[in-house]
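*Asks:* Below you'll find the structure I mean.
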Amino acid sequence: MWLFLTTTCCLICGTLNAGGFFDLENEANPEVWMNISEIITYNGYPSEEYEVTTQDGYILSINRIPHGRAEAGGAGASAGGPALRNSTRVFLLPRMLPAELLLCGLVHMGQILTAEEASVTGAPAAAPAIGPHGCPAPAQASLGTSKLELRALANVPRVPRPQRVAMADFDEMARYDLPGIIDFIVNKTGQQRLYFIGHSLGTTIGFVAFSSMPELARRIRMNFALGPVVSFKYPTGIFTSFFLLPNSVIKRFFGTKGFFLNTGKVPSIRICNNKILWVICSEFMSLWAGSNKKNMNTSRMDVYMSHAPTGSSIQNILHIKQLYGSDEFRAYDWGSEAENMHHYNQSRPPLYDLSAMKVPTAIWAGGNDVLVTLQDVARTIPQIRNLRYFDLLPDWNHFDFIWGLDAPRRVYSKIIELMQSDS
């Protein structure tokens, strides 16, 4: 029904626009066509890119903001907004394999900051956005937002394992990608202990890594989890009904490797920039993640929708599907005792025991979040033994953590405060 209405409206509006009867399209924001490095520099910040080779032979791309606007210069600096302290160094990590198309905010791998990098100043909430998803500048300058780098496609395999690409899920990101990135940052900065900030699937990766790898966990000063995905038993968004489909049906329709990897930017831009049809984008996002329209900068809708949704691997989708409605937080179940023995040397997939995680943790949850509901958050909180801070934002949905107009005031400033009090 939605597809029919959208197609019909597009045809009508396109005809009227082409015929010159009405000027129905707004000019696209320049950031629509930019990658993360271009967005950073466009807004006056310096950008560096690095490649990290994981233990299993894959190349990941990460971004770094080496200093603030005061030292950056360039035309973009005139855009206004906060500048980082000159001592601040911010790494922006790849949001690997997000199940973004159907799971909304399951997009962020996370950000990692050294203790030095955490010494940042607060910034006005009205600052302009510089992230690919339009996060307010205080989040970008202080914490960073990463450009999606799909581990399944964007990274170059250096080992002869062709199926490895299709098999990557958040468990492998936790076991290989995150340790490789942390090692790189430690070697690059000389800082032995870091801060980790994750949103959605990024929190999942952090929880898996820090609960199952004590050596890695000892390198994390504090774990900041925004919209944490551990329990995924009670989502209420209409798109989560997708997970009721059998695995065979999902593979038949979407293949066995990539999942919505070539959606393209043009269709979403045409709809979101249309003076009439933009409401479809707004409604779609509300159905996807929960409603809180007053907290979104609708003039940047084309930026949001041109960079999201992106894609994932089918294996990651199937792993998240197993979490859906489950009472347990486990590694992927391969469907038979024999296969599980082959992968894990035990008949059942390993349990991710969050009670074993000693990393100090702060959690934020949204009351209008239809993906990570309060019921699921209530199941997660008791498992965190070293919970330093928790905040429920009653009116927030799953996107407000990255797109919310009041996110700098209500979340980012508190993260900075907790970092400063910890240092």
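Letters A, B, ... mark the chains of the structure tokens in the order given; residue numbers begin at 1 per chain; ligand numbers begin at 1, in order shown.
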Taking the backbone alone, and naming residues the way the document does, which bits of stretch 186-279 of chain A are strand (DSSP E or B) by DSSP, as JSON, numbers by chain?

*Replies:* {"A": [194, 195, 196, 197, 198, 199, 220, 221, 222, 223, 224, 225, 226, 232, 258, 259, 274]}

*Asks:* The selected residues should be written to file as a compact mmCIF listing (two decimals), in the first residue's frame (atoms: N, CA and C atoms).

*Replies:*
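The file below, out39.txt, is the result:
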# COMPACT_ATOMS: atom_id res chain seq x y z
N LEU A 194 40.80 3.82 26.77
CA LEU A 194 39.96 4.61 25.89
C LEU A 194 38.52 4.65 26.38
N TYR A 195 37.76 5.58 25.83
CA TYR A 195 36.32 5.63 26.02
C TYR A 195 35.63 5.07 24.78
N PHE A 196 34.58 4.32 25.00
CA PHE A 196 33.81 3.76 23.88
C PHE A 196 32.39 4.31 23.92
N ILE A 197 31.92 4.81 22.76
CA ILE A 197 30.55 5.30 22.65
C ILE A 197 29.88 4.55 21.50
N GLY A 198 28.79 3.86 21.80
CA GLY A 198 28.10 3.13 20.77
C GLY A 198 26.63 3.50 20.73
N HIS A 199 26.05 3.41 19.54
CA HIS A 199 24.61 3.59 19.39
C HIS A 199 24.03 2.35 18.73
N ILE A 220 39.20 -0.18 28.27
CA ILE A 220 38.08 0.75 28.16
C ILE A 220 37.82 1.42 29.51
N ARG A 221 37.93 2.73 29.53
CA ARG A 221 37.70 3.49 30.76
C ARG A 221 36.21 3.55 31.09
N MET A 222 35.39 3.75 30.06
CA MET A 222 33.95 3.77 30.27
C MET A 222 33.24 3.47 28.95
N ASN A 223 32.14 2.76 29.07
CA ASN A 223 31.33 2.37 27.92
C ASN A 223 30.03 3.16 27.95
N PHE A 224 29.77 3.95 26.91
CA PHE A 224 28.56 4.76 26.81
C PHE A 224 27.64 4.12 25.78
N ALA A 225 26.47 3.66 26.22
CA ALA A 225 25.57 2.91 25.36
C ALA A 225 24.28 3.70 25.13
N LEU A 226 24.03 4.07 23.88
CA LEU A 226 22.85 4.85 23.51
C LEU A 226 21.87 3.95 22.77
N PHE A 232 16.21 -8.09 22.51
CA PHE A 232 15.44 -7.63 21.35
C PHE A 232 14.16 -8.47 21.26
N GLY A 258 24.88 -9.86 0.45
CA GLY A 258 24.51 -8.50 0.81
C GLY A 258 23.01 -8.31 0.99
N PHE A 259 22.67 -7.34 1.82
CA PHE A 259 21.27 -7.04 2.12
C PHE A 259 21.02 -5.56 1.88
N ASN A 274 11.03 16.78 -2.01
CA ASN A 274 9.79 17.27 -2.60
C ASN A 274 8.96 18.00 -1.56

*Asks:* Return the single residue from A:Ser299, A:Arg219, A:Ile40, A:Ser200 that is closest to A:Val186, with distances computed using only C-alpha atoms.

*Replies:*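 That would be A:Arg219, the residue with the smallest distance to A:Val186.
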
*Asks:* Do you have the atom CA of A:Ser355-atom CA of A:Ile384 distance handy?

*Replies:*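 Calculated distance between atom CA of A:Ser355 and atom CA of A:Ile384 is 5.7 Å.
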
*Asks:* For each of A:Val208, A:Leu393, A:Ile280, A:Met285, take the minimum atom-to-atom distance to A:Ile238, counting only C-alpha atoms, then give the residue where this is smallest.

*Replies:*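 Closest to A:Ile238 of all the choices is A:Met285.
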
*Asks:* Between atom CA of A:Asn292 and atom CA of A:Asn26, what distance in Å does the model show, to one decimal?

*Replies:*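 The value is 23.3 Å.
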
*Asks:* May I have the residues within 9 Å of A:Val230 as a list in words, using only C-alpha atoms and disregarding those fewer than 3 positions away in the same chain?

*Replies:* Leu201, Thr203, Thr204, Phe207, Leu323, Glu328, Phe329, Val372, Asp376, Val377, Arg379 and Thr380 of chain A

*Asks:* Output N, CA, C and O atoms for every residue in the selection just made, as a PDB file, in the first residue's frame.

*Replies:*
ATOM      1  N   LEU A 201      23.354  -0.950  17.269  1.00  0.00           N
ATOM      2  CA  LEU A 201      24.179  -2.129  17.044  1.00  0.00           C
ATOM      3  C   LEU A 201      25.600  -1.909  17.546  1.00  0.00           C
ATOM      4  O   LEU A 201      26.289  -2.880  17.898  1.00  0.00           O
ATOM      5  N   THR A 203      26.341  -0.628  20.367  1.00  0.00           N
ATOM      6  CA  THR A 203      26.332  -1.073  21.763  1.00  0.00           C
ATOM      7  C   THR A 203      26.416  -2.587  21.838  1.00  0.00           C
ATOM      8  O   THR A 203      27.059  -3.137  22.731  1.00  0.00           O
ATOM      9  N   THR A 204      25.752  -3.265  20.897  1.00  0.00           N
ATOM     10  CA  THR A 204      25.786  -4.730  20.865  1.00  0.00           C
ATOM     11  C   THR A 204      27.213  -5.217  20.709  1.00  0.00           C
ATOM     12  O   THR A 204      27.666  -6.121  21.421  1.00  0.00           O
ATOM     13  N   PHE A 207      29.132  -4.606  23.962  1.00  0.00           N
ATOM     14  CA  PHE A 207      28.755  -5.528  25.030  1.00  0.00           C
ATOM     15  C   PHE A 207      29.322  -6.928  24.777  1.00  0.00           C
ATOM     16  O   PHE A 207      29.791  -7.594  25.709  1.00  0.00           O
ATOM     17  N   LEU A 323      17.943 -12.945  17.784  1.00  0.00           N
ATOM     18  CA  LEU A 323      17.721 -12.189  19.019  1.00  0.00           C
ATOM     19  C   LEU A 323      16.248 -11.811  19.176  1.00  0.00           C
ATOM     20  O   LEU A 323      15.757 -11.678  20.299  1.00  0.00           O
ATOM     21  N   GLU A 328      17.542 -14.967  25.414  1.00  0.00           N
ATOM     22  CA  GLU A 328      18.976 -15.052  25.656  1.00  0.00           C
ATOM     23  C   GLU A 328      19.765 -14.218  24.649  1.00  0.00           C
ATOM     24  O   GLU A 328      19.307 -13.933  23.545  1.00  0.00           O
ATOM     25  N   PHE A 329      20.962 -13.859  25.066  1.00  0.00           N
ATOM     26  CA  PHE A 329      21.891 -13.074  24.266  1.00  0.00           C
ATOM     27  C   PHE A 329      23.064 -13.983  23.937  1.00  0.00           C
ATOM     28  O   PHE A 329      23.992 -14.150  24.727  1.00  0.00           O
ATOM     29  N   VAL A 372      14.204  -0.536  20.491  1.00  0.00           N
ATOM     30  CA  VAL A 372      14.694  -0.941  21.820  1.00  0.00           C
ATOM     31  C   VAL A 372      13.679  -0.413  22.827  1.00  0.00           C
ATOM     32  O   VAL A 372      13.785   0.717  23.310  1.00  0.00           O
ATOM     33  N   ASP A 376      12.585  -4.200  26.896  1.00  0.00           N
ATOM     34  CA  ASP A 376      13.900  -4.788  26.613  1.00  0.00           C
ATOM     35  C   ASP A 376      14.996  -4.129  27.443  1.00  0.00           C
ATOM     36  O   ASP A 376      15.913  -4.803  27.913  1.00  0.00           O
ATOM     37  N   VAL A 377      14.906  -2.825  27.622  1.00  0.00           N
ATOM     38  CA  VAL A 377      15.888  -2.135  28.469  1.00  0.00           C
ATOM     39  C   VAL A 377      15.815  -2.655  29.895  1.00  0.00           C
ATOM     40  O   VAL A 377      16.844  -2.874  30.551  1.00  0.00           O
ATOM     41  N   ARG A 379      15.120  -5.548  30.821  1.00  0.00           N
ATOM     42  CA  ARG A 379      15.765  -6.865  30.883  1.00  0.00           C
ATOM     43  C   ARG A 379      17.281  -6.750  30.832  1.00  0.00           C
ATOM     44  O   ARG A 379      17.997  -7.641  31.302  1.00  0.00           O
ATOM     45  N   THR A 380      17.787  -5.659  30.252  1.00  0.00           N
ATOM     46  CA  THR A 380      19.231  -5.479  30.104  1.00  0.00           C
ATOM     47  C   THR A 380      19.877  -4.901  31.355  1.00  0.00           C
ATOM     48  O   THR A 380      20.950  -5.363  31.784  1.00  0.00           O
TER      49      THR A 380
END

*Asks:* Could you tell me how far atom CA of A:Phe401 sits from atom CA of A:Ser47, in Å to one decimal place?

*Replies:* 23.1 Å

*Asks:* If you count only C-alpha atoms, which residues fall within 9 Å of A:Glu48, apart from same-chain ones fewer than 6 positions away, as a PDB file with N, CA, C and O atoms, in the first residue's frame?

*Replies:*
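Final output, saved to result-v5.pdb:
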ATOM      1  N   SER A  37      34.540  11.984   5.196  1.00  0.00           N
ATOM      2  CA  SER A  37      35.673  12.915   5.189  1.00  0.00           C
ATOM      3  C   SER A  37      35.284  14.252   4.564  1.00  0.00           C
ATOM      4  O   SER A  37      35.671  15.319   5.055  1.00  0.00           O
ATOM      5  N   ILE A  62      38.954   3.895   9.090  1.00  0.00           N
ATOM      6  CA  ILE A  62      38.509   4.727  10.195  1.00  0.00           C
ATOM      7  C   ILE A  62      38.887   6.173   9.913  1.00  0.00           C
ATOM      8  O   ILE A  62      39.797   6.452   9.133  1.00  0.00           O
ATOM      9  N   ASN A  63      38.169   7.078  10.525  1.00  0.00           N
ATOM     10  CA  ASN A  63      38.403   8.513  10.353  1.00  0.00           C
ATOM     11  C   ASN A  63      38.837   9.137  11.666  1.00  0.00           C
ATOM     12  O   ASN A  63      38.462   8.666  12.736  1.00  0.00           O
ATOM     13  N   ARG A  64      39.595  10.217  11.549  1.00  0.00           N
ATOM     14  CA  ARG A  64      40.063  10.927  12.732  1.00  0.00           C
ATOM     15  C   ARG A  64      39.948  12.431  12.514  1.00  0.00           C
ATOM     16  O   ARG A  64      40.256  12.937  11.425  1.00  0.00           O
ATOM     17  N   ILE A  65      39.493  13.143  13.532  1.00  0.00           N
ATOM     18  CA  ILE A  65      39.542  14.600  13.550  1.00  0.00           C
ATOM     19  C   ILE A  65      40.738  14.964  14.433  1.00  0.00           C
ATOM     20  O   ILE A  65      40.664  14.837  15.653  1.00  0.00           O
ATOM     21  N   PRO A  66      41.855  15.373  13.838  1.00  0.00           N
ATOM     22  CA  PRO A  66      43.085  15.545  14.614  1.00  0.00           C
ATOM     23  C   PRO A  66      43.122  16.789  15.473  1.00  0.00           C
ATOM     24  O   PRO A  66      43.886  16.859  16.424  1.00  0.00           O
TER      25      PRO A  66
END

*Asks:* Which residues, written as a ChimeraX atom specification, have at least one atom at most 10 Å from A:Pro350, with only C-alpha atoms counted and residues fewer than 6 positions away on the same chain left out?

*Replies:* /A:212,329-333,340,344

*Asks:* Could you check the closest approach to A:Ala217 for each of A:Leu178, A:Pro235, A:Asn345, A:Glu172 and tell me which residue wins, using only C-alpha atoms?

*Replies:*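 Among the listed residues, the smallest separation from A:Ala217 belongs to A:Leu178.
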
*Asks:* Give me, as a PyMOL selection string, the residues of stretch 245-409 of chain A that a backbone DSSP run labels alpha helix (DSSP H).

*Replies:* chain A and resi 247-254+266-272+278-289+301-307+314-323+337-344+374-380+400-403+407

*Asks:* Which is closest to A:Gln375 among A:Met341, A:Val229, A:Ala289, A:Ala209, if we use only C-alpha atoms?

*Replies:*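 Smallest separation from A:Gln375 among the options: A:Val229.
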